[in-house]
2 protein chains.
Amino acid sequence: MSESLEKVEQLLKQLPGLGYRSAERIALHLLVEKPERLEPLVEALRQAAANLRRCPITGNLTEADTCAIYADPARHREVTCVVETVPDLLAIERSGVYRGVYHVLHGKLSPLHGVGPSNLNFASLRRRIEEGEVQELILALSNDIEGEATCHYIQDELLAGRADIRLSRIGFGLPSGGGITYADSATLKSALDGRRDF
Amino acid sequence: MSESLEKVEQLLKQLPGLGYRSAERIALHLLVEKPERLEPLVEALRQAAANLRRCPITGNLTEADTCAIYADPARHREVTCVVETVPDLLAIERSGVYRGVYHVLHGKLSPLHGVGPSNLNFASLRRRIEEGEVQELILALSNDIEGEATCHYIQDELLAGRADIRLSRIGFGLPSGGGITYADSATLKSALDGRRDF
């Protein structure tokens, strides 16, 4: 196979969710089938890379000085949802049920992978808490040891002595539409632990 | 969401095999998680787009004047395998069992979609046949009405009165590892039609 095609496929294969077959398919699509789509895509990627930056307050992506959600006067700034990543934030936004603002940590505590508190976006969360903006903090962090550790860190280090701030963690359990038969045991454990009076 | 991010996701979503979720994942990967991967990918794509062209003899992609497979003296030029697309050619190459050369049609006859003989790479196949290079033509075209029509066109229009050239079509039937229970009826029909003495 041609060297420059191989190079493209090798780089595409490194992208999340792409295997060698999908990388080949996309490479040939952009180079042979629809070459007219290549330049607009390249241009849009470069434009986005140049325009996007991290919001200094929330850690979300933004083209402006602060992220559009935080800047929206209709959103409730006193409720802040803490998420690990921007895709997590976007998923919650798509659900359309949340009217507060966000704080993106850009990861979770994981000493095994060398991720300590200084590697995460805690400084501006601490600032937001100290400035008195936050009345409720909803932890939307993953249901694993690292997510758990991150929750405890926030509780112990950022909210110590702040009984005035309500701290909650999102519910875990059976996904909507998911059957009990096919649920894994960790999910079933969360579902049982998280049972509510009916 | 930011406008330039939306634009990137919208263009990525048009690529084959990508839905809105995988487009978002790739966009954020290239823009937030691993921005250092963006420029090499863009550069490789542009390089490939500039270097690659169609081989005037076989229709395969090439960076040189003729495709590397055709130019390889170890390949048997008297056997030519006719395929619809470059990915089809690459799939056969990966199997490692074929030592002849190829001819890529870049499609199949499909009057319903406005694809007639003049839209396919028949001219150089006709030339190859007329120049006496081809002793056997293997039709590796898909097992549907359009593939069938394309086979008949080659037999009637390109090989008319050429009893000296052996014409064959690849076998259809049960895929290797596939069970009879789960095979669709068209596949089972081909498998029965294609039975061989044991």
# chains A, B, ... in the order shown; residues from 1 in each chain; ligands from 1
>>> residues_around(residues="segment 104-110 of chain B", least_positions_apart="2", cutoff="10 Å", atoms="only C-alpha atoms", output="count of residues only")
43
>>> interface_residues(of="chain A", to="chain B", cutoff="9 Å", atoms="only C-alpha atoms", output="PyMOL selection string")
chain A and resi 1-5+7-8+11-12+14-18+22+24-32+35+37-49+51-53+61-64+67-69+86-87+90
>>> residues_around(residues="Val134 of chain A", least_positions_apart="6", cutoff="10 Å", atoms="only C-alpha atoms", output="ChimeraX atom specification")
/A:76-80,101,125,128,164-166
>>> atom_distance(atom1="atom CA of Asp156 of chain B", atom2="atom CA of Thr66 of chain B")
28.0 Å
>>> select_by_dssp(residues="segment 63-118 of chain A", states="strand (DSSP E)", output="PyMOL selection string")
chain A and resi 76-83+100-104
>>> atom_distance(atom1="atom CA of Leu174 of chain B", atom2="atom CA of Arg196 of chain B")
13.1 Å
>>> closest_residue(among="B:Pro111, B:Leu167, B:Arg195, B:Leu188", to="Gln155 of chain B", atoms="only C-alpha atoms")
B:Leu167
>>> atom_distance(atom1="atom CA of Gly194 of chain A", atom2="atom CA of Leu137 of chain A")
19.2 Å
>>> select_by_dssp(residues="chain A", states="alpha helix (DSSP H)", output="NGL selection string")
:A and (3-13 or 20-28 or 38-51 or 68-71 or 86-95 or 123-130 or 145-153 or 185-193)
